[in-house]
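Chemist: Structure: entry_1.txt, compact mmCIF, C-alpha atoms.
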# COMPACT_ATOMS: atom_id res chain seq x y z
CA MET A 1 0.00 0.00 0.00
CA ILE A 2 1.33 3.40 -0.91
CA SER A 3 0.87 6.08 1.71
CA GLU A 4 0.99 9.74 0.85
CA THR A 5 3.90 11.50 2.53
CA LYS A 6 2.78 14.50 4.52
CA THR A 7 4.79 17.70 4.64
CA THR A 8 6.39 18.22 8.03
CA TRP A 9 6.05 21.67 9.54
CA ARG A 10 8.03 22.91 12.52
CA LEU A 11 6.09 23.49 15.73
CA ILE A 12 7.79 26.10 17.91
CA ASP A 13 6.22 26.86 21.29
CA THR A 14 8.08 29.83 22.72
CA GLY A 15 5.72 30.50 25.62
CA PRO A 16 4.89 34.09 26.58
CA LEU A 17 7.31 36.90 25.65
CA ASP A 18 6.95 40.67 25.75
CA GLY A 19 5.69 42.64 22.72
CA PRO A 20 9.02 43.50 21.06
CA GLY A 21 10.31 39.98 21.71
CA ASN A 22 7.23 38.43 20.10
CA MET A 23 7.18 40.63 17.01
CA ALA A 24 10.94 40.35 16.50
CA LEU A 25 10.74 36.58 16.64
CA ASP A 26 7.87 36.42 14.15
CA GLU A 27 9.83 38.58 11.71
CA ALA A 28 13.01 36.55 12.28
CA LEU A 29 11.15 33.33 11.46
CA LEU A 30 9.81 34.95 8.27
CA ASN A 31 13.18 36.34 7.19
CA CYS A 32 15.02 33.08 7.84
CA PHE A 33 12.31 31.10 6.05
CA GLN A 34 12.52 33.40 3.03
CA LYS A 35 16.24 32.61 2.73
CA ASP A 36 15.79 28.87 3.27
CA PRO A 37 12.15 27.90 2.67
CA ALA A 38 12.57 24.24 3.53
CA ARG A 39 10.41 23.95 6.63
CA PRO A 40 7.26 25.98 7.24
CA VAL A 41 6.49 26.94 10.82
CA LEU A 42 3.62 27.06 13.28
CA ARG A 43 4.64 29.05 16.35
CA LEU A 44 2.54 29.23 19.52
CA TYR A 45 3.05 31.93 22.11
CA GLY A 46 1.54 34.39 24.55
CA TRP A 47 2.13 37.94 25.78
CA SER A 48 3.69 38.89 29.11
CA PRO A 49 3.16 41.64 30.05
CA ALA A 50 -0.08 42.52 28.26
CA ALA A 51 0.59 44.91 25.35
CA LEU A 52 -1.05 46.87 22.57
CA SER A 53 0.02 46.21 18.99
CA VAL A 54 -0.64 48.54 16.07
CA GLY A 55 -0.86 47.52 12.41
CA ARG A 56 2.03 48.03 9.99
CA PHE A 57 0.67 51.23 8.45
CA GLN A 58 -1.40 52.62 11.32
CA ASP A 59 -0.76 56.08 12.74
CA ALA A 60 -0.05 55.09 16.36
CA SER A 61 -0.25 58.59 17.83
CA ALA A 62 -3.54 59.31 16.04
CA ALA A 63 -5.19 56.08 17.17
CA LEU A 64 -3.76 55.59 20.67
CA ASP A 65 -3.62 57.75 23.81
CA LEU A 66 0.13 57.25 24.13
CA ASP A 67 0.33 59.39 27.30
CA LEU A 68 -2.12 57.08 29.05
CA CYS A 69 -0.22 54.02 27.78
CA ARG A 70 2.98 55.48 29.27
CA GLU A 71 1.35 56.48 32.58
CA GLU A 72 -0.08 53.00 33.03
CA GLY A 73 3.00 51.17 31.75
CA ILE A 74 1.22 49.51 28.83
CA PRO A 75 3.80 48.64 26.16
CA VAL A 76 3.01 49.49 22.54
CA VAL A 77 4.61 47.59 19.66
CA ARG A 78 4.18 47.91 15.90
CA ARG A 79 3.50 44.71 13.99
CA MET A 80 4.81 44.01 10.50
CA THR A 81 1.32 42.81 9.52
CA GLY A 82 -1.74 44.79 8.50
CA GLY A 83 -4.94 45.37 10.43
CA GLY A 84 -5.88 47.42 13.46
CA ILE A 85 -4.91 47.81 17.11
CA ILE A 86 -5.02 44.70 19.28
CA TYR A 87 -4.82 44.50 23.06
CA HIS A 88 -2.95 41.28 23.78
CA ALA A 89 -3.89 39.78 27.14
CA ALA A 90 -5.27 36.39 28.15
CA GLU A 91 -4.91 34.88 24.68
CA VAL A 92 -3.16 32.03 22.94
CA THR A 93 -1.35 33.52 19.94
CA TYR A 94 -0.11 31.71 16.86
CA SER A 95 2.05 32.62 13.90
CA ILE A 96 2.42 30.71 10.65
CA VAL A 97 5.34 31.11 8.27
CA CYS A 98 5.08 29.35 4.92
CA ALA A 99 5.31 29.80 1.16
CA PRO A 100 2.37 30.40 -1.18
CA ASP A 101 3.11 26.91 -2.55
CA HIS A 102 2.19 25.40 0.81
CA LEU A 103 -1.30 26.81 0.25
CA GLY A 104 -1.51 25.77 -3.39
CA SER A 105 -0.42 29.26 -4.53
CA ALA A 106 -3.59 30.70 -3.08
CA GLY A 107 -4.33 34.41 -3.35
CA VAL A 108 -4.60 36.55 -0.27
CA LYS A 109 -8.26 35.81 0.45
CA ASP A 110 -8.00 32.11 -0.38
CA GLY A 111 -4.84 32.06 1.73
CA PHE A 112 -6.76 33.46 4.65
CA ARG A 113 -9.43 30.78 4.27
CA LYS A 114 -6.81 28.03 4.16
CA LEU A 115 -4.69 29.39 6.99
CA CYS A 116 -7.64 30.18 9.25
CA GLY A 117 -9.37 26.85 8.67
CA PHE A 118 -7.55 25.30 11.63
CA LEU A 119 -9.11 27.92 13.89
CA LEU A 120 -12.59 26.79 12.84
CA GLY A 121 -11.51 23.22 13.56
CA THR A 122 -10.19 24.17 16.99
CA TYR A 123 -13.40 25.91 17.95
CA GLU A 124 -15.38 22.93 16.64
CA ARG A 125 -13.34 20.66 18.91
CA LEU A 126 -14.43 22.89 21.77
CA GLY A 127 -18.06 22.33 20.77
CA LEU A 128 -18.59 25.73 19.14
CA ASP A 129 -20.22 26.48 15.81
CA ALA A 130 -17.54 28.69 14.26
CA ARG A 131 -17.82 30.06 10.72
CA PHE A 132 -16.13 32.58 8.49
CA ALA A 133 -18.00 35.89 8.41
CA VAL A 134 -18.27 35.66 4.62
CA ASP A 135 -20.08 32.29 4.87
CA LEU A 136 -22.75 33.64 7.19
CA ASN A 137 -24.10 36.02 4.55
CA PRO A 138 -24.94 38.82 6.97
CA SER A 139 -27.77 40.94 5.70
CA GLU A 140 -26.86 44.45 6.78
CA GLU A 141 -23.26 44.31 7.87
CA ARG A 142 -20.50 45.80 5.75
CA LEU A 143 -17.46 43.51 5.73
CA GLY A 144 -13.95 44.78 5.20
CA GLU A 145 -14.34 48.34 6.43
CA ARG A 146 -11.12 49.64 7.95
CA THR A 147 -11.36 50.26 11.72
CA ALA A 148 -8.67 51.50 14.09
CA PHE A 149 -9.40 48.75 16.61
CA CYS A 150 -9.11 45.25 15.19
CA PHE A 151 -12.02 43.77 17.10
CA ALA A 152 -14.36 46.59 16.05
CA GLY A 153 -14.29 45.52 12.41
CA LYS A 154 -15.33 42.33 10.71
CA GLU A 155 -13.84 41.00 7.52
CA GLU A 156 -14.67 38.16 5.20
CA PHE A 157 -12.41 35.55 6.77
CA ASP A 158 -12.76 36.62 10.35
CA VAL A 159 -13.95 33.77 12.55
CA VAL A 160 -17.39 34.28 14.00
CA VAL A 161 -19.21 32.41 16.79
CA ASN A 162 -22.83 33.30 17.60
CA ASP A 163 -22.54 36.24 15.19
CA ARG A 164 -19.65 37.67 17.23
CA LYS A 165 -16.05 37.93 16.06
CA ILE A 166 -13.59 35.75 17.99
CA GLY A 167 -9.89 36.62 17.77
CA GLY A 168 -8.13 38.45 14.94
CA ASN A 169 -5.71 37.44 12.21
CA ALA A 170 -3.31 39.44 10.03
CA GLN A 171 -0.86 38.70 7.24
CA ARG A 172 2.41 39.96 5.86
CA ARG A 173 3.40 38.83 2.39
CA LEU A 174 6.94 38.97 1.08
CA SER A 175 8.24 37.57 -2.15
CA GLY A 176 7.79 33.80 -1.73
CA ALA A 177 6.91 33.90 1.97
CA ILE A 178 3.83 34.56 4.08
CA LEU A 179 3.55 35.39 7.77
CA GLN A 180 0.15 35.16 9.37
CA HIS A 181 -0.40 35.65 13.06
CA GLY A 182 -3.52 35.78 15.15
CA SER A 183 -5.13 35.10 18.49
CA ILE A 184 -7.60 32.95 20.35
CA PRO A 185 -8.97 35.04 23.25
CA LEU A 186 -9.28 33.07 26.47
CA GLU A 187 -11.00 35.92 28.32
CA SER A 188 -12.48 39.17 27.10
CA ARG A 189 -10.06 41.98 27.85
CA VAL A 190 -11.37 44.19 25.06
CA GLN A 191 -12.79 46.81 27.44
CA GLU A 192 -9.34 47.21 29.04
CA GLY A 193 -7.82 47.80 25.60
CA LEU A 194 -10.49 50.29 24.56
CA ARG A 195 -9.38 52.66 27.32
CA TYR A 196 -6.21 53.41 25.38
CA LEU A 197 -7.93 54.42 22.14
CA LYS A 198 -8.44 58.06 21.23
CA GLU A 199 -11.73 57.37 19.44
CA PRO A 200 -14.51 55.06 20.62
CA ALA A 201 -14.85 51.74 18.79
CA PRO A 202 -18.50 50.76 19.21
CA GLY A 203 -18.21 47.58 17.14
CA ALA A 204 -15.75 46.10 19.66
CA ALA A 205 -18.62 45.14 21.97
CA ARG A 206 -19.55 42.53 19.36
CA SER A 207 -16.39 40.47 19.81
CA VAL A 208 -16.38 37.45 22.09
CA SER A 209 -13.93 35.28 24.05
CA LEU A 210 -13.96 31.61 25.06
CA ALA A 211 -14.76 32.52 28.69
CA GLU A 212 -17.81 34.48 27.56
CA LEU A 213 -18.93 31.37 25.70
CA GLY A 214 -18.68 29.37 28.92
CA LEU A 215 -15.36 27.70 28.06
CA ARG A 216 -12.25 27.92 30.19
CA PRO A 217 -9.68 25.55 28.64
CA GLU A 218 -6.17 25.58 30.06
CA PRO A 219 -3.77 27.16 27.54
CA GLU A 220 -1.86 23.88 27.22
CA GLU A 221 -5.07 21.99 26.48
CA LEU A 222 -6.03 24.60 23.89
CA LYS A 223 -2.62 24.31 22.25
CA LYS A 224 -3.10 20.55 21.85
CA LEU A 225 -6.43 21.17 20.13
CA LEU A 226 -4.80 23.78 17.88
CA VAL A 227 -2.05 21.38 16.89
CA ALA A 228 -4.46 18.52 16.13
CA SER A 229 -6.73 20.79 14.11
CA PHE A 230 -3.80 22.32 12.23
CA GLU A 231 -2.48 18.89 11.21
CA GLU A 232 -5.92 17.78 10.11
CA ARG A 233 -6.97 20.90 8.21
CA LEU A 234 -3.68 21.48 6.41
CA GLY A 235 -2.90 17.78 5.95
CA VAL A 236 0.56 18.14 7.48
CA GLU A 237 2.58 16.79 10.39
CA LEU A 238 3.97 19.06 13.08
CA ALA A 239 7.34 18.30 14.67
CA ALA A 240 8.24 20.18 17.87
CA GLN A 241 11.51 22.08 17.43
CA ASP A 242 13.54 24.85 19.00
CA LEU A 243 14.64 28.00 17.23
CA THR A 244 17.76 27.61 15.14
CA PRO A 245 20.80 29.62 16.34
CA GLU A 246 20.41 31.88 13.28
CA GLU A 247 16.75 32.57 14.07
CA ALA A 248 17.65 33.48 17.65
CA VAL A 249 20.39 35.87 16.49
CA VAL A 250 18.17 37.54 13.87
CA ALA A 251 15.37 37.90 16.43
CA LYS A 252 17.68 39.52 18.97
CA LYS A 253 18.91 42.04 16.41
CA LEU A 254 15.39 42.90 15.27
CA GLU A 255 14.26 43.25 18.87
CA GLU A 256 17.06 45.68 19.73
CA HIS A 257 17.20 47.69 16.53
CA LYS A 258 13.59 47.69 15.37
CA TYR A 259 10.88 46.59 17.76
CA ARG A 260 12.25 48.44 20.80
CA CYS A 261 12.91 51.49 18.62
CA ARG A 262 10.52 54.37 19.33
CA GLN A 263 10.69 55.55 15.72
CA TRP A 264 9.50 52.18 14.43
CA THR A 265 6.71 52.01 17.01
CA LEU A 266 5.44 55.51 16.35
CA GLU A 267 6.28 56.11 12.71
CA GLY A 268 6.79 52.68 11.17
CA ARG A 269 10.38 53.33 10.14
CA CYS A 270 13.79 53.00 11.77
CA MET B 1 4.34 51.72 -25.21
CA ALA B 2 3.46 48.30 -23.90
CA LYS B 3 3.42 47.23 -20.28
CA PHE B 4 5.89 44.73 -18.87
CA PHE B 5 5.19 42.60 -15.79
CA THR B 6 7.13 40.95 -12.96
CA LYS B 7 6.45 37.56 -11.39
CA GLU B 8 5.46 39.48 -8.25
CA HIS B 9 2.71 41.20 -10.27
CA GLU B 10 4.08 44.70 -10.73
CA TRP B 11 3.90 46.45 -14.11
CA VAL B 12 6.03 49.10 -15.76
CA GLU B 13 5.32 51.21 -18.82
CA MET B 14 7.85 53.48 -20.53
CA ALA B 15 6.94 56.88 -21.99
CA GLY B 16 9.32 59.71 -22.82
CA GLY B 17 12.16 58.17 -20.82
CA GLN B 18 9.95 57.86 -17.73
CA ALA B 19 8.76 54.57 -16.27
CA THR B 20 5.29 54.43 -14.72
CA VAL B 21 4.93 51.64 -12.18
CA GLY B 22 1.98 49.91 -10.52
CA ILE B 23 0.57 46.54 -9.52
CA SER B 24 -1.33 44.37 -11.96
CA GLU B 25 -5.12 44.02 -12.17
CA HIS B 26 -4.60 40.40 -11.10
CA ALA B 27 -2.70 41.46 -7.96
CA ALA B 28 -5.32 44.06 -7.06
CA HIS B 29 -8.08 41.48 -7.42
CA GLU B 30 -6.18 38.96 -5.32
CA LEU B 31 -5.44 41.48 -2.58
CA GLY B 32 -9.10 42.42 -2.27
CA ASP B 33 -10.14 45.82 -0.95
CA ILE B 34 -7.02 47.96 -0.67
CA THR B 35 -6.99 50.18 2.41
CA TYR B 36 -3.59 51.86 2.28
CA VAL B 37 -0.70 52.47 -0.10
CA GLU B 38 2.68 53.47 1.33
CA LEU B 39 4.12 55.60 -1.46
CA PRO B 40 7.90 55.85 -1.97
CA LYS B 41 9.74 59.08 -1.23
CA ILE B 42 10.45 61.33 -4.21
CA GLY B 43 14.16 61.35 -4.97
CA ARG B 44 14.75 57.81 -3.73
CA SER B 45 16.78 55.55 -6.00
CA VAL B 46 15.83 51.89 -6.24
CA LYS B 47 17.34 48.86 -7.88
CA GLN B 48 15.31 46.41 -9.92
CA PHE B 49 13.32 44.02 -7.67
CA ASP B 50 14.12 45.95 -4.48
CA THR B 51 11.24 46.97 -2.22
CA LEU B 52 9.72 50.15 -3.64
CA ALA B 53 6.44 50.70 -1.79
CA GLY B 54 3.96 49.01 0.56
CA ILE B 55 0.32 48.12 0.17
CA GLU B 56 -2.30 46.94 2.65
CA SER B 57 -5.53 45.23 1.73
CA VAL B 58 -8.27 44.24 4.17
CA LYS B 59 -5.78 42.29 6.22
CA ALA B 60 -2.54 41.60 4.35
CA ALA B 61 0.39 44.01 4.22
CA SER B 62 2.57 43.38 1.16
CA ASP B 63 5.66 44.86 -0.42
CA ILE B 64 5.67 46.29 -3.94
CA TYR B 65 8.96 45.63 -5.72
CA ALA B 66 10.57 47.88 -8.32
CA PRO B 67 10.14 46.29 -11.76
CA ILE B 68 13.03 48.42 -13.04
CA SER B 69 15.89 50.41 -11.47
CA GLY B 70 15.53 54.19 -11.32
CA LYS B 71 14.89 57.29 -9.29
CA VAL B 72 11.41 58.16 -8.00
CA VAL B 73 10.35 61.48 -9.55
CA GLU B 74 6.59 61.44 -8.99
CA VAL B 75 4.11 59.53 -6.82
CA ASN B 76 0.36 59.10 -7.22
CA GLN B 77 -0.74 61.34 -4.33
CA ALA B 78 -4.39 60.54 -5.04
CA LEU B 79 -3.78 57.13 -3.44
CA ASP B 80 -3.24 58.81 -0.04
CA GLU B 81 -6.89 59.77 0.07
CA ALA B 82 -8.31 57.08 -2.20
CA PRO B 83 -6.34 53.80 -2.10
CA GLU B 84 -9.38 52.13 -3.67
CA LEU B 85 -8.23 53.66 -6.99
CA VAL B 86 -5.91 50.64 -7.19
CA ASN B 87 -8.93 48.32 -7.09
CA GLN B 88 -10.76 50.47 -9.61
CA GLY B 89 -7.89 50.59 -12.12
CA ALA B 90 -4.63 49.06 -11.04
CA GLU B 91 -3.13 49.43 -14.50
CA ALA B 92 -4.51 52.94 -15.08
CA GLN B 93 -5.50 55.53 -12.43
CA GLY B 94 -4.12 53.28 -9.66
CA TRP B 95 -0.47 53.70 -10.76
CA ILE B 96 1.99 54.01 -7.87
CA CYS B 97 4.93 56.15 -9.02
CA LYS B 98 7.12 57.29 -11.89
CA LEU B 99 10.84 56.59 -12.22
CA GLU B 100 13.53 58.31 -14.25
CA GLY B 101 17.09 57.35 -15.09
CA VAL B 102 16.02 53.83 -15.92
CA ASP B 103 17.92 51.23 -17.90
CA GLU B 104 15.45 50.02 -20.49
CA GLY B 105 17.62 46.97 -21.01
CA GLU B 106 16.21 45.65 -17.73
CA LEU B 107 12.82 45.27 -19.43
CA ALA B 108 14.25 42.15 -21.07
CA SER B 109 14.01 40.33 -17.72
CA LEU B 110 10.28 41.09 -17.45
CA MET B 111 7.24 39.54 -19.15
CA ASP B 112 5.16 41.18 -21.88
CA ALA B 113 1.36 41.10 -21.46
CA GLU B 114 0.95 37.86 -23.40
CA THR B 115 3.65 36.03 -21.45
CA TYR B 116 2.26 37.40 -18.18
CA GLY B 117 -1.21 36.10 -19.14
CA THR B 118 0.28 32.64 -19.73
CA TYR B 119 2.13 32.92 -16.40
CA LEU B 120 -1.14 33.75 -14.58
CA ARG B 121 -2.92 30.78 -16.13
CA GLY B 122 -0.16 28.55 -14.75
CA LEU B 123 -0.58 29.75 -11.17
Now, as a test, write the supplied structure out as structure tokens.

Modeler:
Amino acid sequence: MISETKTTWRLIDTGPLDGPGNMALDEALLNCFQKDPARPVLRLYGWSPAALSVGRFQDASAALDLDLCREEGIPVVRRMTGGGIIYHAAEVTYSIVCAPDHLGSAGVKDGFRKLCGFLLGTYERLGLDARFAVDLNPSEERLGERTAFCFAGKEEFDVVVNDRKIGGNAQRRLSGAILQHGSIPLESRVQEGLRYLKEPAPGAARSVSLAELGLRPEPEELKKLLVASFEERLGVELAAQDLTPEEAVVAKKLEEHKYRCRQWTLEGRC
Amino acid sequence: MAKFFTKEHEWVEMAGGQATVGISEHAAHELGDITYVELPKIGRSVKQFDTLAGIESVKAASDIYAPISGKVVEVNQALDEAPELVNQGAEAQGWICKLEGVDEGELASLMDAETYGTYLRGL
């Protein structure tokens, strides 16, 4: 009997890091993969301390009350991915680094559907009816409108449970390489995050967390479900691995010279 | 003059020694609703296939690569206020910038419209 050989992806669980450490590591994984695209990656992580992230092209000082962030010691970091502001607290975060070929050369929207499919599977394993917003055919809602706060907007391939958005996902595309990262909210901390915005984000009340849905899985249990769903949905095998020495060095440099740099955080350049 | 395309879906068109650059209709369609275009700085010199500009659609941030080497002499300021122009006409009113001081010999490493069409069908 001939068995089909599955592609092996690297599974890297780095545990919780701070904002600059997390974003530097995601970019390091992407950069190193672009040079040597042999093994795609699923990374799992968390945020400690809680932090706000702004999208690649967002105007941080226009969207955030930076004085309040400073007074209250809330770190702000700029992502290399698109999308709006996210308050990272009480969540399991993932990042995926792969090539378009790993998704069958899918376009951006198809890529989102393929890369977010494992999230639907994870929520299904938790007994939830999770769908993509685009598949629910909402009657009055406008999908895809740009909002300053990620959880205030809803886009086609956002994951929705009980008509409420759960988590957020964003992509960065380079030549031959894709980074997607996103979150599974364990508890709703959206109201805490909203305090730091300059403008109200009324749509944010329509997001939901696992705790609000009556589910309180341990992060480790949730990670196991994520891994099983990822392998099933993408038809791949995950092999637990550490960072390579090169990835660790690149991440450290990016952390020091980019993600801890005020100019990058505020202006998107450094 | 005809357009030439890169594998990363940028186009370039020469006229009067100037190269107009943008992303292809295919790329704009694939990206979906475009929400922001990061235009290059006027006066900046770029090499062929280096990062020239940035573009964000509903959720993906992507780089735009220079299809030809040159110096940026004009940018499409209308995209600051209306990035959706790229969706409405990526190969017309949604152009990104104009370059001067280009080496037209570099066009030989790009695809003409027919070859690009064949390339797209193979994706």

Chemist: Using only C-alpha atoms, determine which residues lie at most 10 Å from stretch 208-224 of chain A, disregarding the query and same-chain residues fewer than 4 positions distant; provide the list as a PyMOL selection string.

Modeler: chain A and resi 13+44-46+90-94+122-123+125-128+151+160-167+184-190+204+228-230

Chemist: So how far away is atom CA of A:Gly15 from atom CA of A:Arg79, in Å?

Modeler: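 According to the coordinates, atom CA of A:Arg79 and atom CA of A:Gly15 are separated by 18.5 Å.
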
Chemist: Please find the residues of chain B near chain A - the criterion being any atom within 8 Å, counting all atoms listed in the file - and write them as an MDAnalysis selection string.

Modeler: chainID B and resid 8 30:33 35:36 38 56:63 123

Chemist: Compile the contact shell of stretch 67-71 of chain A as a ChimeraX atom specification: residues with an atom at most 9 Å away, counting only C-alpha atoms, same-chain residues fewer than 5 positions apart removed.

Modeler: /A:52,76,195-196

Chemist: Give me the residues near B:Lys3 as a list in words, where near means some atom within 7 Å (using all atoms listed in the file) and where sequence neighbours in that chain fewer than 4 positions away do not count.

Modeler: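 After dropping sequence-adjacent residues, the list is Trp11, Val12, Glu13, Asp112 and Ala113 of chain B.
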
Chemist: Measuring between only C-alpha atoms, which one of B:Met14, B:Val37, B:Cys97, B:Ile55 shows the shortest distance to B:Ala82?

Modeler: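 Closest residue, counting only C-alpha atoms: B:Val37.
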
Chemist: Atom CA of A:His181 and atom CA of A:Ala99, how far apart in Å?

Modeler: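 Here the two named atoms are 14.4 Å from each other.
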
Chemist: Can you tell me which residues surround B:Asp50 at a distance of at most 7 Å, considering all atoms listed in the file, apart from same-chain residues fewer than 4 positions away, and format the answer as a list in words?

Modeler: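 Counting only the stated atoms, we get Val46, Tyr65 and Ala66 of chain B.
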
Chemist: Tell me which of B:Met111, B:Ala92, B:Ala27, B:Glu106 sits closest to B:Phe49, counting only C-alpha atoms.

Modeler: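 For B:Phe49, the nearest of the candidates is B:Glu106.
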
Chemist: One decimal, Å: what's the distance from atom CA of A:Val77 over to atom CA of A:Leu266, could you say?

Modeler: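 Interatomic distance here is 8.6 Å.
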
Chemist: Using only C-alpha atoms, find the one residue out of B:Gly117, B:Gly122, B:Gly16, B:Gly70 that sits nearest to B:Arg44.

Modeler: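 Distance minimum relative to B:Arg44 lands on B:Gly70.
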
Chemist: I want to know what sits within 7 Å of A:Ser48, based on only C-alpha atoms, with residues of the same chain fewer than 2 positions away left out; could you give that as a list in words?

Modeler: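 Near neighbours after the sequence-gap exclusion: Pro16, Leu17, Asp18, Gly46 and Ala50 of chain A.
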